[in-house]
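> My structure is in upload_18.txt, and what it holds is compact mmCIF, C-alpha atoms:
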# COMPACT_ATOMS: atom_id res chain seq x y z
CA MET A 157 -29.55 27.64 1.20
CA LYS A 158 -30.91 30.04 3.81
CA LEU A 159 -29.20 30.41 7.21
CA ILE A 160 -28.43 34.14 6.99
CA ASN A 161 -26.36 35.44 9.89
CA LEU A 162 -28.35 38.41 11.22
CA SER A 163 -25.30 39.85 12.93
CA GLU A 164 -23.50 40.24 9.61
CA LEU A 165 -26.27 42.16 7.84
CA SER A 166 -25.96 45.90 7.27
CA GLY A 167 -27.86 48.25 9.58
CA ASP A 168 -30.47 48.89 6.88
CA LYS A 169 -30.99 45.15 6.30
CA GLN A 170 -31.34 44.55 10.04
CA LYS A 171 -33.96 47.31 10.16
CA ASP A 172 -35.78 45.69 7.24
CA PHE A 173 -35.74 42.41 9.15
CA LEU A 174 -37.28 44.02 12.26
CA ASN A 175 -39.97 45.65 10.14
CA SER A 176 -40.83 42.36 8.38
CA PHE A 177 -42.79 40.83 11.29
CA ASP A 178 -45.55 41.88 13.69
CA THR A 179 -45.68 38.72 15.83
CA VAL A 180 -42.91 36.79 17.59
CA LEU A 181 -43.30 33.18 18.67
CA THR A 182 -40.41 31.95 20.78
CA ASP A 183 -39.42 28.65 22.30
CA CYS A 184 -38.25 28.87 25.92
CA ASP A 185 -35.69 26.28 27.05
CA GLY A 186 -32.53 26.63 24.98
CA VAL A 187 -33.58 30.06 23.68
CA LEU A 188 -34.48 32.13 26.74
CA TRP A 189 -32.99 29.97 29.47
CA LEU A 190 -31.15 26.72 30.18
CA GLU A 191 -32.88 24.91 33.04
CA ASN A 192 -33.25 27.83 35.50
CA GLU A 193 -30.45 30.05 34.19
CA LEU A 194 -31.26 33.03 31.99
CA ILE A 195 -29.46 33.15 28.63
CA SER A 196 -27.69 36.51 28.62
CA GLY A 197 -29.69 39.29 26.97
CA ALA A 198 -32.73 37.14 26.12
CA ASP A 199 -35.00 39.04 28.53
CA GLN A 200 -33.90 42.41 27.15
CA VAL A 201 -34.50 41.32 23.55
CA MET A 202 -38.02 40.00 24.22
CA ASN A 203 -38.96 43.04 26.31
CA SER A 204 -37.58 45.37 23.61
CA LEU A 205 -39.54 43.59 20.88
CA LYS A 206 -42.68 43.96 22.96
CA SER A 207 -42.00 47.67 23.53
CA LEU A 208 -41.74 48.07 19.73
CA GLY A 209 -45.33 46.84 19.49
CA LYS A 210 -44.63 43.26 18.47
CA LYS A 211 -47.18 40.67 19.62
CA ILE A 212 -45.31 38.08 21.73
CA PHE A 213 -46.09 34.42 22.42
CA TYR A 214 -43.99 31.98 24.46
CA VAL A 215 -44.56 28.62 22.75
CA THR A 216 -43.18 25.63 24.64
CA ASN A 217 -43.46 21.85 24.28
CA ASN A 218 -42.87 21.51 28.03
CA SER A 219 -45.92 19.68 29.41
CA THR A 220 -44.70 19.52 33.02
CA LYS A 221 -45.81 23.08 33.83
CA THR A 222 -49.11 24.94 33.70
CA ARG A 223 -49.35 28.41 32.16
CA GLU A 224 -49.48 29.82 35.68
CA GLN A 225 -46.19 28.12 36.59
CA LEU A 226 -44.55 29.26 33.36
CA ILE A 227 -45.54 32.90 33.90
CA VAL A 228 -43.97 32.79 37.37
CA LYS A 229 -40.69 31.55 35.84
CA LEU A 230 -40.75 34.13 33.04
CA LYS A 231 -41.35 37.03 35.41
CA HIS A 232 -38.72 35.74 37.84
CA LEU A 233 -36.15 35.77 35.02
CA GLY A 234 -37.08 39.30 33.96
CA PHE A 235 -39.51 38.81 31.06
CA ASN A 236 -42.41 41.24 30.79
CA ALA A 237 -44.85 38.45 30.01
CA GLU A 238 -48.61 38.04 30.47
CA PRO A 239 -50.60 34.80 31.02
CA ASN A 240 -52.37 35.03 27.65
CA GLU A 241 -48.96 35.02 25.93
CA ILE A 242 -48.13 31.53 27.23
CA ILE A 243 -48.84 28.65 24.84
CA GLY A 244 -47.93 25.36 26.53
CA THR A 245 -48.75 21.81 25.47
CA ALA A 246 -50.45 20.88 28.75
CA TYR A 247 -52.89 23.76 28.23
CA LEU A 248 -53.43 22.93 24.55
CA ALA A 249 -54.02 19.24 25.35
CA ALA A 250 -56.73 20.29 27.80
CA GLN A 251 -58.32 22.57 25.19
CA TYR A 252 -58.23 19.75 22.62
CA LEU A 253 -59.94 17.32 24.99
CA LYS A 254 -62.49 19.94 26.03
CA LYS A 255 -63.50 20.10 22.38
CA HIS A 256 -63.31 16.40 21.45
CA LEU A 257 -63.79 14.28 24.60
CA ASP A 258 -67.22 13.12 25.78
CA PRO A 259 -67.73 15.12 29.04
CA LYS A 260 -68.83 11.91 30.76
CA LYS A 261 -65.45 10.30 30.04
CA LYS A 262 -62.12 10.47 31.89
CA ALA A 263 -58.54 10.93 30.69
CA TYR A 264 -55.74 8.55 31.67
CA ILE A 265 -52.44 10.45 31.92
CA VAL A 266 -48.97 9.13 31.32
CA GLY A 267 -47.34 12.40 32.30
CA SER A 268 -46.92 14.99 35.00
CA SER A 269 -49.02 17.18 37.28
CA GLY A 270 -48.83 20.04 34.75
CA ILE A 271 -51.20 18.10 32.46
CA ALA A 272 -53.49 17.07 35.33
CA ASP A 273 -53.71 20.65 36.60
CA GLU A 274 -54.66 22.01 33.15
CA LEU A 275 -57.24 19.22 32.68
CA ASN A 276 -58.70 20.00 36.10
CA LEU A 277 -59.02 23.67 35.15
CA ALA A 278 -60.85 22.58 31.99
CA GLY A 279 -63.23 20.40 34.04
CA ILE A 280 -61.90 17.09 32.69
CA GLU A 281 -61.73 14.20 35.16
CA ASN A 282 -58.34 12.49 35.02
CA PHE A 283 -55.96 10.14 36.81
CA GLY A 284 -52.62 8.40 36.38
CA VAL A 285 -50.06 11.00 37.48
CA GLY A 286 -47.40 9.73 39.90
CA PRO A 287 -45.62 6.41 40.53
CA ASP A 288 -47.21 3.17 39.34
CA VAL A 289 -44.46 0.67 39.94
CA MET A 290 -44.19 -2.96 38.91
CA ILE A 291 -44.61 -5.13 42.01
CA PRO A 292 -41.90 -7.83 42.21
CA GLY A 293 -43.28 -11.27 41.37
CA ARG A 294 -46.37 -9.97 39.56
CA ASP A 295 -46.84 -10.99 35.93
CA LEU A 296 -49.28 -8.54 34.34
CA LYS A 297 -49.32 -10.56 31.12
CA THR A 298 -51.18 -13.37 32.90
CA ASP A 299 -52.58 -11.40 35.84
CA HIS A 300 -53.96 -8.49 33.82
CA GLU A 301 -57.18 -8.13 35.83
CA LYS A 302 -55.03 -6.54 38.53
CA LEU A 303 -54.53 -3.54 36.26
CA ASN A 304 -57.93 -2.31 37.51
CA LEU A 305 -58.80 -0.67 34.19
CA ASP A 306 -61.43 2.07 34.43
CA PRO A 307 -64.24 1.53 31.89
CA HIS A 308 -64.97 5.28 31.77
CA VAL A 309 -61.64 6.28 30.18
CA GLY A 310 -62.17 8.05 26.87
CA ALA A 311 -58.68 9.47 26.29
CA VAL A 312 -55.02 8.68 26.91
CA VAL A 313 -52.70 11.69 27.18
CA VAL A 314 -48.93 11.13 27.04
CA GLY A 315 -46.46 13.79 28.14
CA PHE A 316 -43.15 13.79 29.99
CA ASP A 317 -43.34 11.27 32.84
CA SER A 318 -40.38 10.70 35.16
CA HIS A 319 -42.37 7.79 36.66
CA ILE A 320 -42.78 5.90 33.38
CA SER A 321 -43.21 2.18 34.08
CA PHE A 322 -44.43 -1.09 32.56
CA PRO A 323 -47.83 -0.91 34.32
CA LYS A 324 -48.39 2.57 32.88
CA LEU A 325 -47.44 1.47 29.37
CA MET A 326 -49.70 -1.57 29.60
CA LYS A 327 -52.67 0.43 30.92
CA ALA A 328 -52.27 3.02 28.16
CA ALA A 329 -52.06 0.30 25.50
CA CYS A 330 -55.13 -1.48 26.92
CA TYR A 331 -57.23 1.69 26.96
CA LEU A 332 -56.20 2.38 23.38
CA THR A 333 -57.47 -0.99 22.13
CA ASN A 334 -60.82 0.80 22.03
CA PRO A 335 -60.74 2.71 18.71
CA ASN A 336 -63.00 5.40 20.21
CA THR A 337 -60.44 6.24 22.91
CA LEU A 338 -58.60 9.44 21.98
CA PHE A 339 -54.80 9.22 21.89
CA VAL A 340 -53.08 12.58 22.52
CA ALA A 341 -49.34 13.28 22.75
CA THR A 342 -48.16 16.63 24.07
CA ASN A 343 -45.01 16.51 21.88
CA THR A 344 -42.43 14.15 20.42
CA ASP A 345 -39.14 15.77 21.54
CA GLU A 346 -36.68 12.88 21.59
CA SER A 347 -34.27 14.01 24.29
CA PHE A 348 -32.72 16.88 26.21
CA PRO A 349 -28.91 17.13 26.01
CA MET A 350 -27.68 18.22 29.45
CA GLY A 351 -23.95 18.34 28.81
CA PRO A 352 -21.14 16.04 27.70
CA HIS A 353 -22.27 12.39 27.85
CA VAL A 354 -25.56 13.27 29.60
CA THR A 355 -28.93 13.03 27.82
CA VAL A 356 -32.41 12.96 29.36
CA PRO A 357 -34.95 10.94 27.32
CA GLY A 358 -37.76 13.27 26.24
CA THR A 359 -41.52 12.91 25.83
CA GLY A 360 -40.99 11.42 22.37
CA SER A 361 -39.39 8.37 23.98
CA MET A 362 -42.52 7.78 26.07
CA VAL A 363 -44.89 8.46 23.18
CA ALA A 364 -42.96 5.97 21.02
CA ALA A 365 -43.31 3.26 23.68
CA VAL A 366 -47.08 3.78 24.03
CA LYS A 367 -47.80 4.00 20.30
CA THR A 368 -45.70 0.88 19.62
CA GLY A 369 -47.56 -1.08 22.29
CA ALA A 370 -50.97 0.25 21.22
CA GLN A 371 -50.19 0.12 17.47
CA ARG A 372 -51.86 3.51 17.08
CA GLU A 373 -50.72 6.97 16.05
CA PRO A 374 -51.43 9.89 18.43
CA VAL A 375 -52.71 13.37 17.73
CA VAL A 376 -49.57 15.42 18.46
CA ILE A 377 -50.36 18.76 20.09
CA GLY A 378 -46.97 20.47 20.24
CA LYS A 379 -44.34 21.69 17.79
CA PRO A 380 -43.94 21.01 14.89
CA SER A 381 -47.58 19.89 14.58
CA LYS A 382 -49.77 22.06 12.38
CA LEU A 383 -52.36 21.86 15.15
CA ILE A 384 -50.48 24.34 17.37
CA GLY A 385 -49.82 26.62 14.39
CA SER A 386 -53.48 26.57 13.32
CA TYR A 387 -54.56 27.31 16.90
CA LEU A 388 -52.35 30.42 17.04
CA ILE A 389 -53.28 31.66 13.57
CA GLU A 390 -57.02 31.26 14.12
CA LYS A 391 -57.29 32.37 17.76
CA TYR A 392 -55.03 35.41 17.45
CA ASN A 393 -55.62 36.24 13.77
CA LEU A 394 -51.92 35.99 12.90
CA ASN A 395 -50.55 36.72 9.45
CA PRO A 396 -48.11 33.83 8.88
CA GLU A 397 -45.91 35.88 6.52
CA ARG A 398 -45.45 38.52 9.21
CA THR A 399 -44.80 36.06 12.05
CA LEU A 400 -41.30 35.13 13.30
CA MET A 401 -40.62 31.79 15.01
CA ILE A 402 -37.48 31.70 17.20
CA GLY A 403 -36.09 28.37 18.35
CA ASP A 404 -33.09 26.19 19.09
CA ARG A 405 -34.41 22.91 17.63
CA GLY A 406 -34.60 22.38 13.90
CA ASN A 407 -36.97 19.42 14.07
CA THR A 408 -39.59 21.16 16.24
CA ASP A 409 -39.25 24.96 16.36
CA ILE A 410 -37.99 25.62 12.85
CA ARG A 411 -40.23 22.95 11.31
CA LEU A 412 -43.22 24.59 13.02
CA GLY A 413 -42.32 27.76 11.16
CA TYR A 414 -41.81 25.90 7.90
CA ASN A 415 -45.13 24.03 8.25
CA ASN A 416 -47.08 27.24 8.82
CA GLY A 417 -45.31 29.72 6.55
CA PHE A 418 -43.63 31.69 9.37
CA GLN A 419 -40.22 33.34 9.12
CA THR A 420 -37.68 31.44 11.23
CA LEU A 421 -34.69 32.33 13.40
CA LEU A 422 -32.37 29.67 14.84
CA VAL A 423 -30.31 30.38 17.96
CA LEU A 424 -27.31 28.20 18.77
CA THR A 425 -27.69 28.17 22.56
CA GLY A 426 -29.61 24.90 22.76
CA ASP A 427 -30.09 21.71 20.80
CA THR A 428 -28.99 22.51 17.24
CA THR A 429 -25.36 23.12 16.33
CA MET A 430 -24.18 25.10 13.31
CA GLU A 431 -22.69 21.92 11.88
CA LYS A 432 -26.10 20.22 12.01
CA ALA A 433 -27.84 23.20 10.45
CA ILE A 434 -25.33 23.38 7.57
CA ALA A 435 -25.67 19.64 6.95
CA TRP A 436 -29.46 19.98 6.74
CA SER A 437 -29.14 22.88 4.31
CA LYS A 438 -27.07 20.71 1.96
CA SER A 439 -29.40 17.71 2.17
CA GLU A 440 -31.72 16.65 -0.66
CA ASP A 441 -34.16 15.22 1.91
CA GLU A 442 -37.26 17.46 2.23
CA GLU A 443 -37.67 16.65 5.92
CA TYR A 444 -34.14 17.86 6.66
CA LYS A 445 -34.62 20.92 4.45
CA SER A 446 -37.67 21.86 6.55
CA ARG A 447 -35.34 22.21 9.57
CA VAL A 448 -33.26 24.97 7.96
CA ALA A 449 -33.95 28.44 9.36
CA ASP A 450 -34.11 31.65 7.35
CA TYR A 451 -31.77 33.39 9.82
CA TYR A 452 -29.50 32.45 12.70
CA LEU A 453 -27.71 34.02 15.66
CA SER A 454 -25.23 32.56 18.11
CA SER A 455 -27.52 33.75 20.90
CA LEU A 456 -30.77 35.71 21.09
CA GLY A 457 -28.89 38.41 23.00
CA ASP A 458 -26.95 39.15 19.81
CA MET A 459 -30.06 40.94 18.55
CA LEU A 460 -29.68 43.68 21.19
CA PRO A 461 -27.27 45.95 19.25
CA PHE A 462 -29.59 46.44 16.32
CA LEU A 463 -32.68 46.69 18.50
CA SER A 464 -31.16 49.62 20.35
CA SER A 465 -29.68 51.36 17.28
Now, as a test, write the supplied structure out as structure tokens.

Amino acid sequence: MKLINLSELSGDKQKDFLNSFDTVLTDCDGVLWLENELISGADQVMNSLKSLGKKIFYVTNNSTKTREQLIVKLKHLGFNAEPNEIIGTAYLAAQYLKKHLDPKKKAYIVGSSGIADELNLAGIENFGVGPDVMIPGRDLKTDHEKLNLDPHVGAVVVGFDSHISFPKLMKAACYLTNPNTLFVATNTDESFPMGPHVTVPGTGSMVAAVKTGAQREPVVIGKPSKLIGSYLIEKYNLNPERTLMIGDRGNTDIRLGYNNGFQTLLVLTGDTTMEKAIAWSKSEDEEYKSRVADYYLSSLGDMLPFLSS
């Protein structure tokens, strides 16, 4: 069983912990902020780690924002962040398609403008963002020619889409009947708890609908996929053993660390509760064990005392 409480370690052990990593990867929502509200002390911790010479990367599964939009939010909340430190799934999806998609082909998006903007910056023609509602009285099962399928589509990209609809699901499934059409999912986060009795279905819900209809498995770009870990390790020459992954979700953030040999730190300000983490640590199931962090803190701000000592 891991799950060592950093706050309860001696000063010397806390110093050893700080000296054990050169690179910090951190999730954003649930670790640094909740919606648009800063989590107390998170900005000071990240800025202090950077001032100590640690290499910092903000690694988010959020596909609704471009890197440019994320840097604006980070700076607004007080983080001393730079554009090249932002690793978002919309950007990574664009980089993946730039490498693997025939430049003459288009991408059909079930997702938001963040994906479209990053694809545009990468020079990839795309469409699909925005409402595509089911017209009353229309039966697409028998009137499928009215889908107006584009024969030049070579990829389907699924991210978070607040306009998800039956026409979109059917178009995605139809494009994916061609085995040469790439199927890319930005992430598979199931949901976003927003308070008592309120849950927002996440990208994973939309990916599950498309892959069930298409009967195909996607290439998953975001956490905990090894693809995002390999990208960081290769592009930035990271040493996995001296890299710390900070997150609030066991099944994405902590598993990313586990899958890539990073050290892991769980914070309890977002998705994962201490009860969940303890249950995983006692499980015999390897998948649950991979969600167990090396260390934990109630909040990232709790690191401040031993950063300043």
> I'd like to know which of A:Val309, A:Leu188, A:Ile160, A:Ala246 is closest to Lys260 (chain A), using all atoms listed in the file.
A:Val309
> If you count only C-alpha atoms, which residues fall within 7 Å of region 417-431 of chain A, apart from same-chain ones fewer than 4 positions away, as a list in words?
Gly186, Val187, Pro396, Glu397, Thr399, Leu400, Met401, Ile402, Gly403, Asp404, Arg405, Gly406, Ile410, Gly413, Ala435, Ala449, Asp450, Tyr451, Tyr452, Leu453, Ser454, Ser455 and Leu456 of chain A
> Rounded to one decimal in Å, what is the spacing between CA of Gln371 (chain A) and CA of Asn343 (chain A)?
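A separation of 17.7 Å between them.
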> What does the distance from CA of Val201 (chain A) to CA of Lys382 (chain A) come to in Å, to one decimal?
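Computed distance, CA of Val201 (chain A) to CA of Lys382 (chain A), equals 27.0 Å.
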> Using all atoms listed in the file, what residues lie at most 8 Å away from (-51.8, 11.8, 19.5) (file coordinates), given as a list in words?
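I get Val313, Leu338, Phe339, Val340, Ala341, Thr342, Glu373, Pro374, Val375, Val376 and Ile377 of chain A for the residues within 8 Å of that point.
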> Out of A:Ile242, A:Gly457, A:Phe462, A:His319, which residue has the shortest atom-to-atom distance to Asn218 (chain A) when counting all atoms listed in the file?
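Among the listed residues, A:Ile242 lies closest to Asn218 (chain A).
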> I'd like the contact shell of Gly167 (chain A) - 12 Å cut-off, only C-alpha atoms, skipping same-chain residues fewer than 4 positions apart - returned as a ChimeraX atom specification.
/A:162-163,171-174,459,461-465
> What does the distance from CA of Trp189 (chain A) to CA of Leu233 (chain A) come to in Å, to one decimal?
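CA of Leu233 (chain A) lies at a distance of 8.6 Å from CA of Trp189 (chain A).
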> Please provide as a ChimeraX atom specification all residues within 10 Å of Ser219 (chain A), with the sequence filter that same-chain residues fewer than 4 positions apart are discarded (counting only C-alpha atoms).
/A:223,244-249,267-272,274,314-317,341-343,359,378
> Could you list, as a VMD selection string, every residue within 10 Å of Phe235 (chain A), counting all atoms listed in the file and ignoring same-chain residues fewer than 3 positions away?
chain A and resid 188 198 to 203 227 to 232 238
> What residues have an atom no more than 12 Å from (-49.7, -5.9, 30.0) in the file's own frame, counting only C-alpha atoms, and can you write them as a list in words?
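Those within range, by chain then number, are Met290, Arg294, Asp295, Leu296, Lys297, Thr298, Asp299, His300, Glu301, Lys302, Leu303, Asn304, Leu305, Ser321, Phe322, Pro323, Lys324, Leu325, Met326, Lys327, Ala328, Ala329, Cys330, Tyr331, Val366, Gly369 and Ala370 of chain A.
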> Which residue gives the smallest distance to Val285 (chain A) among A:Thr220, A:Thr344, A:Ser446, A:Ser207, with only C-alpha atoms counted?
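When distances to Val285 (chain A) are compared using only C-alpha atoms, the smallest one comes from A:Thr220.
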> Restricting the calculation to all atoms listed in the file: of A:Lys438, A:Arg411, A:Lys391, A:Lys379, which residue gets closest to Thr216 (chain A)?
A:Lys379
> For Leu388 (chain A), please output as a PDB file with C-alpha atoms, keeping the file's coordinate frame all residues within 10 Å (counting all atoms listed in the file; exclusion window: fewer than 5 positions along the same chain).

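After the write, around_2.pdb holds the following:
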ATOM      1  CA  LEU A 181     -43.300  33.180  18.670  1.00  0.00           C
ATOM      2  CA  PHE A 213     -46.090  34.420  22.420  1.00  0.00           C
ATOM      3  CA  VAL A 215     -44.560  28.620  22.750  1.00  0.00           C
ATOM      4  CA  ILE A 243     -48.840  28.650  24.840  1.00  0.00           C
ATOM      5  CA  LYS A 382     -49.770  22.060  12.380  1.00  0.00           C
ATOM      6  CA  LEU A 383     -52.360  21.860  15.150  1.00  0.00           C
ATOM      7  CA  ASN A 393     -55.620  36.240  13.770  1.00  0.00           C
ATOM      8  CA  LEU A 394     -51.920  35.990  12.900  1.00  0.00           C
ATOM      9  CA  PRO A 396     -48.110  33.830   8.880  1.00  0.00           C
TER      10      PRO A 396
END
> Of the candidates A:Pro307, A:Pro357, A:Pro380, A:Gly385, which shows the shortest atom-to-atom distance to Asp409 (chain A), using only C-alpha atoms?
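So, comparing all the options, the nearest one is A:Pro380.
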> Nearest residue to Val180 (chain A) out of A:Ser318, A:Tyr444, A:Arg398, A:Thr222, using only C-alpha atoms?
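Under the stated criterion, the closest residue is A:Arg398.
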